[in-house]
Amino acid sequence: MRIVSGLGLLLGLGLAAGQAQALEGDAERGQQAAGTCVACHQADGSGMNVSGGESWPRLAGQDAGYIAKQLHDFKAGRRENASMMPFANMLDDQQIADVAAYYSQMPVTEAQGGEEAEEALLARGEQLALRGDWDAYIVSCKSCHGPGNAGAGSTFPGIASQHAGYIEAQLQAWQEGERSNDPQNLMGAIAQRMSDEDIQAVSAWLANQSVASE
């Protein structure tokens with residue numbers, strides 16, 4: 001009986017954890033809770049590209065489930081960032097759902113960081129993003145991130161019209177094993193096969209892509 005009770009308790013805790021991440025968000029409440037996010041991610045959710053420094057991602061138009069998962073991962077330590085973790089820890093589960101809903105309803109903004117890239121570099125970036133490089137066992141970005149690399153559900157974020165500095169930093173983090181909160185280490189395996197020039201190329205090309213918001 002004790003074993004059964006213990007299993008019941010564990011199942012209950014598991015369901016509660018799942019429900020915490022599946023809470024329905026309210027965008028109006030999210031706007032208030034997102035007040036501390038504005039300094040880095042901007043009032044329109046556009047983020048910022050900081051050349052030679054820490055770039056902040058565009059949150060506007062990203063899937064709510066994806067945003068919520070990242071915030072939960074920061075809180076739990078599954079994803080590490082010295083700047084983000086304190087802010088994520090200020091939000092409870094409902095506030096996370098609300099903030100995620102708020103940013104997901106914003107129109108996608110234009111990215112920065114790839115404006116001065118040379119044509120040859122952009123051509124390589126386009127190849128990697130749309131077709132991949134099978135000789136190097138590099139799968140195309142769109143294979144997971146969807147048509148136009150605009151995102152696919154709550155697992156794969158929109159990376160088109162994302163700041164080049166942010167994409168580059170994340171690919172380097174996966175390459176070096178500093179980030180590992182993706183399914184089956186898909187990104188880690190891909191990033192490790194990419195050269196520094198590949199990372200720079202695909203980051204610049206994606207930053208130059210526009211995404212039409214509905």
# chains A, B, ... in the order shown; residues from 1 in each chain; ligands from 1
call {"tool": "residues_around", "arguments": {"residues": "Tyr166 (chain A)", "least_positions_apart": "6", "cutoff": "9 Å", "atoms": "only C-alpha atoms", "output": "list in words"}}
result
Met48, Asn49, Val50, Glu54, Ser55, Trp56, Pro57 and Ser203 of chain A
call {"tool": "closest_atom_pairs", "arguments": {"of": "region 80-176 of chain A", "to": "region 26-40 of chain A", "cutoff": "7 Å", "atoms": "only C-alpha atoms", "output": "tab-separated table"}}
result
residue	atom	partner	partner_atom	distance
A:Gln95	CA	A:Ala33	CA	6.4
A:Asp98	CA	A:Gly30	CA	4.1
A:Val99	CA	A:Gly30	CA	4.0
A:Ala101	CA	A:Ala27	CA	5.1
A:Tyr102	CA	A:Ala27	CA	4.0
call {"tool": "select_by_dssp", "arguments": {"residues": "region 105-186 of chain A", "states": "helix (DSSP H, G or I)", "output": "MDAnalysis selection string"}}
result
chainID A and resid 119:130 134:136 142:145 147:149 164:175 183:186
call {"tool": "write_last_selection", "arguments": {"atoms": "N, CA, C and O atoms", "output": "short mmCIF file (atom, residue, chain, number, x, y, z; two decimals), in the first residue's frame"}}
result
data_model
loop_
_atom_site.label_atom_id
_atom_site.label_comp_id
_atom_site.auth_asym_id
_atom_site.auth_seq_id
_atom_site.Cartn_x
_atom_site.Cartn_y
_atom_site.Cartn_z
N GLU A 119 28.27 38.62 -50.26
CA GLU A 119 27.36 37.74 -51.00
C GLU A 119 27.72 36.27 -50.85
O GLU A 119 26.85 35.42 -50.71
N ALA A 120 29.01 35.97 -50.86
CA ALA A 120 29.44 34.58 -50.75
C ALA A 120 29.05 34.00 -49.39
O ALA A 120 28.62 32.83 -49.29
N LEU A 121 29.16 34.81 -48.35
CA LEU A 121 28.78 34.35 -47.02
C LEU A 121 27.28 34.13 -46.93
O LEU A 121 26.81 33.12 -46.39
N LEU A 122 26.50 35.04 -47.49
CA LEU A 122 25.05 34.90 -47.48
C LEU A 122 24.61 33.69 -48.30
O LEU A 122 23.65 33.01 -47.93
N ALA A 123 25.30 33.42 -49.39
CA ALA A 123 24.96 32.26 -50.21
C ALA A 123 25.17 30.97 -49.43
O ALA A 123 24.36 30.03 -49.52
N ARG A 124 26.25 30.91 -48.67
CA ARG A 124 26.50 29.74 -47.81
C ARG A 124 25.43 29.64 -46.73
O ARG A 124 24.94 28.55 -46.43
N GLY A 125 25.06 30.76 -46.17
CA GLY A 125 24.02 30.76 -45.15
C GLY A 125 22.69 30.28 -45.69
O GLY A 125 21.97 29.52 -45.04
N GLU A 126 22.36 30.71 -46.91
CA GLU A 126 21.11 30.26 -47.55
C GLU A 126 21.13 28.76 -47.77
O GLU A 126 20.13 28.07 -47.54
N GLN A 127 22.26 28.24 -48.23
CA GLN A 127 22.38 26.81 -48.44
C GLN A 127 22.11 26.04 -47.15
O GLN A 127 21.34 25.07 -47.12
N LEU A 128 22.77 26.46 -46.07
CA LEU A 128 22.61 25.75 -44.79
C LEU A 128 21.19 25.85 -44.27
O LEU A 128 20.64 24.88 -43.74
N ALA A 129 20.58 27.02 -44.42
CA ALA A 129 19.24 27.24 -43.88
C ALA A 129 18.17 26.48 -44.66
O ALA A 129 17.22 25.96 -44.07
N LEU A 130 18.33 26.41 -45.98
CA LEU A 130 17.27 25.85 -46.82
C LEU A 130 17.55 24.44 -47.34
O LEU A 130 16.62 23.65 -47.54
N TRP A 134 24.84 18.04 -47.01
CA TRP A 134 24.84 16.60 -46.71
C TRP A 134 26.24 16.02 -46.69
O TRP A 134 26.48 14.99 -46.06
N ASP A 135 27.18 16.65 -47.41
CA ASP A 135 28.57 16.17 -47.36
C ASP A 135 29.14 16.32 -45.95
O ASP A 135 30.00 15.53 -45.54
N ALA A 136 28.66 17.34 -45.24
CA ALA A 136 29.13 17.57 -43.87
C ALA A 136 28.13 17.07 -42.83
O ALA A 136 28.30 17.30 -41.63
N LYS A 142 15.47 24.55 -42.02
CA LYS A 142 14.02 24.48 -42.25
C LYS A 142 13.46 23.08 -42.01
O LYS A 142 12.25 22.93 -41.84
N SER A 143 14.33 22.07 -41.99
CA SER A 143 13.85 20.71 -41.73
C SER A 143 13.15 20.62 -40.38
O SER A 143 12.20 19.86 -40.21
N CYS A 144 13.62 21.41 -39.42
CA CYS A 144 13.00 21.42 -38.08
C CYS A 144 12.22 22.71 -37.81
O CYS A 144 11.17 22.67 -37.19
N HIS A 145 12.76 23.83 -38.28
CA HIS A 145 12.17 25.13 -37.96
C HIS A 145 11.04 25.53 -38.89
O HIS A 145 10.50 26.62 -38.75
N PRO A 147 8.66 25.82 -42.69
CA PRO A 147 8.72 26.63 -43.91
C PRO A 147 9.13 28.07 -43.60
O PRO A 147 8.61 28.69 -42.67
N GLY A 148 10.08 28.57 -44.37
CA GLY A 148 10.56 29.92 -44.13
C GLY A 148 11.31 30.09 -42.84
O GLY A 148 11.64 31.21 -42.44
N ASN A 149 11.61 28.96 -42.15
CA ASN A 149 12.27 29.01 -40.83
C ASN A 149 11.53 29.93 -39.86
O ASN A 149 12.13 30.56 -38.99
N ALA A 164 21.30 38.30 -35.76
CA ALA A 164 22.46 37.48 -36.10
C ALA A 164 23.33 37.20 -34.88
O ALA A 164 23.81 36.08 -34.70
N GLY A 165 23.53 38.21 -34.04
CA GLY A 165 24.36 38.02 -32.86
C GLY A 165 23.81 36.98 -31.92
O GLY A 165 24.57 36.21 -31.30
N TYR A 166 22.49 36.93 -31.80
CA TYR A 166 21.87 35.95 -30.90
C TYR A 166 21.97 34.54 -31.48
O TYR A 166 22.31 33.60 -30.75
N ILE A 167 21.66 34.39 -32.77
CA ILE A 167 21.74 33.06 -33.39
C ILE A 167 23.17 32.53 -33.28
O ILE A 167 23.39 31.38 -32.92
N GLU A 168 24.12 33.38 -33.59
CA GLU A 168 25.53 32.97 -33.54
C GLU A 168 25.93 32.53 -32.13
O GLU A 168 26.58 31.50 -31.95
N ALA A 169 25.50 33.29 -31.14
CA ALA A 169 25.85 32.95 -29.75
C ALA A 169 25.24 31.62 -29.33
O ALA A 169 25.89 30.82 -28.63
N GLN A 170 24.00 31.35 -29.75
CA GLN A 170 23.36 30.10 -29.37
C GLN A 170 24.00 28.91 -30.07
O GLN A 170 24.19 27.85 -29.46
N LEU A 171 24.32 29.05 -31.36
CA LEU A 171 24.99 27.96 -32.06
C LEU A 171 26.35 27.66 -31.42
O LEU A 171 26.73 26.49 -31.28
N GLN A 172 27.06 28.69 -31.01
CA GLN A 172 28.34 28.48 -30.34
C GLN A 172 28.14 27.80 -28.99
O GLN A 172 28.94 26.93 -28.60
N ALA A 173 27.07 28.16 -28.30
CA ALA A 173 26.78 27.54 -27.00
C ALA A 173 26.47 26.05 -27.16
O ALA A 173 26.92 25.21 -26.37
N TRP A 174 25.68 25.71 -28.17
CA TRP A 174 25.39 24.29 -28.44
C TRP A 174 26.66 23.56 -28.86
O TRP A 174 26.89 22.43 -28.47
N GLN A 175 27.46 24.22 -29.69
CA GLN A 175 28.70 23.61 -30.18
C GLN A 175 29.64 23.27 -29.03
O GLN A 175 30.30 22.23 -29.04
N PRO A 183 15.44 18.96 -27.77
CA PRO A 183 15.13 17.53 -27.82
C PRO A 183 16.25 16.70 -28.44
O PRO A 183 16.76 17.04 -29.50
N GLN A 184 16.62 15.63 -27.77
CA GLN A 184 17.58 14.65 -28.29
C GLN A 184 18.93 15.27 -28.71
O GLN A 184 19.62 14.71 -29.56
N ASN A 185 19.28 16.40 -28.17
CA ASN A 185 20.53 17.09 -28.52
C ASN A 185 20.65 17.31 -30.03
O ASN A 185 21.75 17.23 -30.61
N LEU A 186 19.54 17.58 -30.68
CA LEU A 186 19.55 17.81 -32.12
C LEU A 186 20.46 18.98 -32.49
O LEU A 186 21.28 18.89 -33.41
#
call {"tool": "residues_around", "arguments": {"residues": "Gly61 (chain A)", "least_positions_apart": "6", "cutoff": "12 Å", "atoms": "only C-alpha atoms", "output": "list of chain:residue names"}}
result
A:Asp44, A:Gly45, A:Ser46, A:Gly47, A:Ile67, A:Ala100, A:Ala101, A:Tyr102, A:Tyr103, A:Ser104, A:Gln105, A:Met106, A:Pro107, A:Val108, A:Thr109, A:Glu110, A:Ala150, A:Gly151, A:Gly153, A:Pro157, A:Gly158, A:Ile159, A:Ala160, A:Ser161, A:Gln162, A:Val211, A:Ala212, A:Ser213, A:Glu214
call {"tool": "write_last_selection", "arguments": {"atoms": "C-alpha atoms", "output": "mmCIF file, in the first residue's frame"}}
result
data_model
loop_
_atom_site.group_PDB
_atom_site.id
_atom_site.type_symbol
_atom_site.label_atom_id
_atom_site.label_comp_id
_atom_site.auth_asym_id
_atom_site.auth_seq_id
_atom_site.Cartn_x
_atom_site.Cartn_y
_atom_site.Cartn_z
ATOM 1 C CA ASP A 44 7.815 45.757 -29.019
ATOM 2 C CA GLY A 45 9.554 42.465 -28.213
ATOM 3 C CA SER A 46 12.189 43.077 -30.891
ATOM 4 C CA GLY A 47 15.208 42.464 -28.671
ATOM 5 C CA ILE A 67 8.739 31.035 -24.708
ATOM 6 C CA ALA A 100 4.517 34.018 -23.199
ATOM 7 C CA ALA A 101 1.005 34.768 -24.463
ATOM 8 C CA TYR A 102 1.747 38.487 -24.567
ATOM 9 C CA TYR A 103 4.883 38.212 -26.697
ATOM 10 C CA SER A 104 3.407 35.524 -28.956
ATOM 11 C CA GLN A 105 0.651 37.917 -30.056
ATOM 12 C CA MET A 106 3.061 40.672 -31.098
ATOM 13 C CA PRO A 107 3.936 41.132 -34.795
ATOM 14 C CA VAL A 108 7.324 39.812 -35.894
ATOM 15 C CA THR A 109 9.935 42.584 -36.075
ATOM 16 C CA GLU A 110 12.942 42.944 -38.353
ATOM 17 C CA ALA A 150 9.357 30.819 -39.198
ATOM 18 C CA GLY A 151 9.019 28.245 -36.422
ATOM 19 C CA GLY A 153 5.107 24.547 -32.811
ATOM 20 C CA PRO A 157 11.364 28.609 -32.591
ATOM 21 C CA GLY A 158 11.210 31.022 -35.478
ATOM 22 C CA ILE A 159 14.781 31.833 -36.450
ATOM 23 C CA ALA A 160 14.155 33.851 -39.604
ATOM 24 C CA SER A 161 14.258 37.559 -38.735
ATOM 25 C CA GLN A 162 16.154 36.765 -35.540
ATOM 26 C CA VAL A 211 8.609 37.059 -41.751
ATOM 27 C CA ALA A 212 5.105 38.242 -42.568
ATOM 28 C CA SER A 213 2.918 38.380 -39.467
ATOM 29 C CA GLU A 214 -0.715 37.407 -39.835
#
call {"tool": "atom_distance", "arguments": {"atom1": "CA of Asp93 (chain A)", "atom2": "CA of Met187 (chain A)"}}
result
26.7 Å
call {"tool": "residues_around", "arguments": {"residues": "Asn208 (chain A)", "least_positions_apart": "2", "cutoff": "8 Å", "atoms": "only C-alpha atoms", "output": "ChimeraX atom specification"}}
result
/A:111-112,114-115,160-161,204-206,210
call {"tool": "select_by_dssp", "arguments": {"residues": "region 4-213 of chain A", "states": "strand (DSSP E or B)", "output": "VMD selection string"}}
result
chain A and resid 48 56 133 138 152 156
call {"tool": "write_last_selection", "arguments": {"atoms": "N, CA, C and O atoms", "output": "compact mmCIF listing (two decimals), in the first residue's frame"}}
result
# COMPACT_ATOMS: atom_id res chain seq x y z
N MET A 48 17.49 43.04 -29.23
CA MET A 48 18.52 43.92 -29.79
C MET A 48 19.75 43.11 -30.20
O MET A 48 20.06 42.09 -29.60
N TRP A 56 20.16 40.22 -27.53
CA TRP A 56 18.92 39.75 -26.91
C TRP A 56 17.94 39.37 -27.99
O TRP A 56 17.72 40.12 -28.94
N ASP A 133 23.89 20.80 -45.77
CA ASP A 133 25.12 20.36 -46.44
C ASP A 133 25.31 18.89 -46.11
O ASP A 133 25.86 18.54 -45.06
N ILE A 138 25.16 18.11 -42.27
CA ILE A 138 24.46 19.23 -41.64
C ILE A 138 23.06 19.31 -42.23
O ILE A 138 22.89 19.54 -43.43
N ALA A 152 8.13 26.09 -35.80
CA ALA A 152 7.25 24.93 -35.92
C ALA A 152 6.82 24.49 -34.52
O ALA A 152 7.56 23.81 -33.81
N PHE A 156 10.35 24.14 -31.91
CA PHE A 156 11.33 24.79 -32.79
C PHE A 156 10.93 26.24 -33.02
O PHE A 156 9.94 26.53 -33.67
call {"tool": "atom_distance", "arguments": {"atom1": "CA of Val202 (chain A)", "atom2": "CA of Ala189 (chain A)"}}
result
16.1 Å
call {"tool": "closest_residue", "arguments": {"among": "A:Leu71, A:Val139, A:Ala191, A:Ala117", "to": "Met90 (chain A)", "atoms": "only C-alpha atoms"}}
result
A:Leu71
